[in-house]
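Structure record follows, encoded as structure tokens.
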Amino acid sequence: MWRKVKTDDLNIDLKTFTALANDKCELIISDLSTIERFSNAFNCIVRVYYGLNHLNVSDELKRAVLSSIKDNYPCMTFSNLNLCFVNSIEKKQGTSLTRDEFMLPIHAFMAKKKRIESLLQDIELKEHNEQLAVKQAEKFKEHSIEIYNKSIDEFASEFMGTPFEACAIVEDYFENLNEEEYKTCQLNANKKFKEQSNESNSQFYAIIPERHLLAKEIMDMVVFKHNTNK
């Protein structure tokens with residue numbers, strides 16, 4: 001998943017991505033106990049990343065930051081908060097810490113998180129659609145095999161399915177034909193493809209691809225040979 005997300009474009013390392021993917025979802029804004037925990041986390045960030053004594057930082061700033069997080073990121077977790085400050089923080093010397101300055105790395109990281117989540121959703125949707133397509137293809141092949149079996153059971157002179165159904169299973173029956181028979185199928189398929197392409201009303205109908213016509217010719221001959229040799 002790490003490789004699929006291509007997080008190099010997002011300037012995030014594998015360790016950070018793993019922590020984000022395995023977030024325990026401990027919400028910052030939930031009850032009084034977590035608000036107290038936020039106060040401790042805030043003090044630690046101020047001391048470690050900004051090099052300030054938290055005792056010199058006003059409670060008003062702490063409340064303003066908490067309020068900003070609540071308004072902008074109500075689903076933010078403590079894990080997210082820690083990850084926001086893993087990169088270097090620039091502190092302007094000789095200036096007091098402001099709400100906007102504290103929130104800057106939070107805004108940057110949460111935007112990155114949203115982008116990653118969007119990428120993951122796109123990947124999951126793509127994989128789901130691919131799996132669905134595989135299942136549909138398998139189901140269609142099973143259906144086509146049933147038609148082949150019916151063609152054999154009823155001693156039909158040709159494959160009773162469509163060119164598209166023939167194409168779904170033709171690879172399993174190539175070996176039933178010799179080189180001369182295969183060439184005959186190619187010639188017939190090419191002829192039919194040209195005929196339908198030259199029809200004056202062909203523009204009103206979907207033209208069957210030549211490879212599907214070839215598959216039908218092959219399956220017709222396979223069924224014919226099987227039933228006439230019984």
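Convention: chains lettered A, B, ... in structure tokens order; per-chain residue numbering from 1; ligands numbered from 1 as shown.
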Got a sec to tell me which of range 81-201 of chain A DSSP assigns to alpha helix (DSSP H), as a ChimeraX atom specification? /A:81-84,99-153,163-169,179-198
Could you take the residues named above and write them with C-alpha atoms, as a tab-separated table (two decimals), in the first residue's frame?
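What landed in again-v5.tsv:
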chain	number	residue	atom	x	y	z
A	81	LEU	CA	-1.01	15.77	16.76
A	82	ASN	CA	2.32	14.07	17.40
A	83	LEU	CA	2.90	13.48	13.69
A	84	CYS	CA	2.24	17.14	12.88
A	99	ARG	CA	-2.08	30.54	17.61
A	100	ASP	CA	-1.52	30.73	13.85
A	101	GLU	CA	2.15	29.82	14.25
A	102	PHE	CA	1.25	26.76	16.35
A	103	MET	CA	-1.52	25.75	13.93
A	104	LEU	CA	0.63	26.05	10.79
A	105	PRO	CA	2.22	22.54	10.96
A	106	ILE	CA	-1.16	21.11	11.98
A	107	HIS	CA	-2.85	22.56	8.90
A	108	ALA	CA	-0.02	21.27	6.70
A	109	PHE	CA	-0.12	17.76	8.09
A	110	MET	CA	-3.90	17.42	8.13
A	111	ALA	CA	-4.04	18.51	4.48
A	112	LYS	CA	-1.47	15.82	3.74
A	113	LYS	CA	-3.48	13.27	5.71
A	114	LYS	CA	-6.63	14.14	3.75
A	115	ARG	CA	-4.73	13.66	0.51
A	116	ILE	CA	-3.42	10.26	1.63
A	117	GLU	CA	-6.89	9.14	2.69
A	118	SER	CA	-8.22	10.22	-0.70
A	119	LEU	CA	-5.49	8.24	-2.46
A	120	LEU	CA	-6.23	5.17	-0.33
A	121	GLN	CA	-9.93	5.41	-1.16
A	122	ASP	CA	-9.11	5.65	-4.86
A	123	ILE	CA	-6.85	2.60	-4.60
A	124	GLU	CA	-9.44	0.58	-2.68
A	125	LEU	CA	-12.15	1.50	-5.20
A	126	LYS	CA	-9.90	0.56	-8.12
A	127	GLU	CA	-9.00	-2.78	-6.52
A	128	HIS	CA	-12.66	-3.46	-5.75
A	129	ASN	CA	-13.63	-2.76	-9.36
A	130	GLU	CA	-10.79	-4.96	-10.63
A	131	GLN	CA	-11.87	-7.81	-8.37
A	132	LEU	CA	-15.45	-7.35	-9.51
A	133	ALA	CA	-14.35	-7.42	-13.15
A	134	VAL	CA	-12.41	-10.65	-12.53
A	135	LYS	CA	-15.43	-12.26	-10.89
A	136	GLN	CA	-17.68	-11.15	-13.74
A	137	ALA	CA	-15.19	-12.52	-16.28
A	138	GLU	CA	-15.03	-15.85	-14.43
A	139	LYS	CA	-18.81	-16.03	-14.28
A	140	PHE	CA	-19.08	-15.23	-18.00
A	141	LYS	CA	-16.52	-17.95	-18.81
A	142	GLU	CA	-18.49	-20.50	-16.76
A	143	HIS	CA	-21.59	-19.45	-18.69
A	144	SER	CA	-19.75	-19.90	-22.00
A	145	ILE	CA	-18.52	-23.36	-20.97
A	146	GLU	CA	-22.12	-24.33	-20.25
A	147	ILE	CA	-23.06	-23.26	-23.78
A	148	TYR	CA	-20.21	-25.34	-25.20
A	149	ASN	CA	-21.33	-28.37	-23.22
A	150	LYS	CA	-24.89	-27.85	-24.45
A	151	SER	CA	-23.60	-27.67	-28.03
A	152	ILE	CA	-21.91	-31.03	-27.51
A	153	ASP	CA	-24.83	-32.65	-25.69
A	163	PRO	CA	-18.76	-14.61	-30.77
A	164	PHE	CA	-18.21	-12.98	-27.36
A	165	GLU	CA	-19.02	-16.20	-25.49
A	166	ALA	CA	-16.74	-18.10	-27.86
A	167	CYS	CA	-13.93	-15.61	-27.17
A	168	ALA	CA	-14.21	-16.26	-23.42
A	169	ILE	CA	-13.20	-19.93	-23.78
A	179	GLU	CA	-2.71	-25.70	-38.64
A	180	GLU	CA	-4.79	-26.03	-41.78
A	181	GLU	CA	-8.08	-25.84	-39.85
A	182	TYR	CA	-6.88	-22.79	-37.97
A	183	LYS	CA	-6.00	-21.03	-41.23
A	184	THR	CA	-9.46	-21.80	-42.56
A	185	CYS	CA	-10.99	-20.19	-39.47
A	186	GLN	CA	-8.82	-17.13	-39.98
A	187	LEU	CA	-9.91	-16.76	-43.59
A	188	ASN	CA	-13.60	-17.13	-42.70
A	189	ALA	CA	-13.35	-14.65	-39.84
A	190	ASN	CA	-11.56	-12.10	-42.01
A	191	LYS	CA	-14.17	-12.49	-44.74
A	192	LYS	CA	-17.07	-11.98	-42.33
A	193	PHE	CA	-15.36	-8.97	-40.77
A	194	LYS	CA	-14.97	-7.31	-44.16
A	195	GLU	CA	-18.55	-8.15	-45.10
A	196	GLN	CA	-20.03	-6.53	-42.01
A	197	SER	CA	-17.74	-3.53	-42.41
A	198	ASN	CA	-18.92	-3.00	-45.98
Can you list, as a list of chain:residue names, every protein, DNA or RNA residue that comes within 10 Å of Asn227 in chain A when you count only C-alpha atoms, leaving out same-chain residues fewer than 5 positions away? A:Ser151, A:Ile152, A:Asp153, A:Glu154, A:Phe155, A:Ala156, A:Ser157, A:Glu158, A:Met221, A:Val222
Between CA of Phe38 in chain A and CA of Asp71 in chain A, what is the spacing in Å? 15.4 Å
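We find CA of His212 in chain A and CA of Val170 in chain A to be spaced 9.5 Å apart.
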Please list as a PyMOL selection string every residue within 12 Å of Tyr49 in chain A, counting only C-alpha atoms and excluding residues in the same chain fewer than 6 positions away. chain A and resi 41-43+82+84-91+97+102+105
CA of Ser96 in chain A to CA of Ser58 in chain A: how many Å, to one decimal? 10.2 Å
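For the set A:Thr34, A:Thr228, A:Asn56, A:Asn176, the residue with the smallest atom-to-atom gap to Thr77 in chain A is A:Thr34, counting only C-alpha atoms.
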